[in-house]
Amino acid sequence: ELPEVCRLIKENIVNNRINLYSGNFFNNEFPSGPDGMLFANILHDWSYDKVHILLEKTYKSLPVGGKIFIHEVLLD
């Protein structure tokens, strides 16, 4: 997420097991070893090719059994 968004989210997190990382998800490497990753209202903004890149990077960064959580607005 963007640094300013991470700051706002951290103010509202009550679970200390949630880590936030700021950066550009196309240019920066994803952190390795998290239990799961959340895409909240992200994927609908990008082409199928870009979504494929994001999900592939996510898959590679997760351990076996890791989860990808997708929260999306369904658009026509």
# chains A, B, ... in the order shown; residues from 1 in each chain; ligands from 1
call {"tool": "residues_around", "arguments": {"residues": "stretch 30-37 of chain A", "least_positions_apart": "5", "cutoff": "10 Å", "atoms": "only C-alpha atoms", "output": "number ranges by chain"}}
result
A: 17-25, 54-55, 57-70
call {"tool": "select_by_dssp", "arguments": {"residues": "stretch 13-60 of chain A", "states": "alpha helix (DSSP H)", "output": "PyMOL selection string"}}
result
chain A and resi 48-60
call {"tool": "atom_distance", "arguments": {"atom1": "atom CA of A:Leu8", "atom2": "atom CA of A:Glu72"}}
result
20.4 Å
call {"tool": "atom_distance", "arguments": {"atom1": "atom CA of A:Pro3", "atom2": "atom CA of A:Asp45"}}
result
19.6 Å
call {"tool": "select_by_dssp", "arguments": {"residues": "chain A", "states": "strand (DSSP E)", "output": "PyMOL selection string"}}
result
chain A and resi 36-40+67-71
call {"tool": "closest_residue", "arguments": {"among": "A:Ile9, A:Val14, A:Leu2, A:Ala40", "to": "A:Asn28", "atoms": "only C-alpha atoms"}}
result
A:Leu2
call {"tool": "residues_around", "arguments": {"residues": "A:Asn41", "least_positions_apart": "2", "cutoff": "10 Å", "atoms": "only C-alpha atoms", "output": "list in words"}}
result
Leu38, Phe39, Leu43, His44, Asp45, Ile70, His71, Glu72, Val73 and Leu74 of chain A
call {"tool": "atom_distance", "arguments": {"atom1": "atom CA of A:Cys6", "atom2": "atom CA of A:Ile42"}}
result
15.1 Å
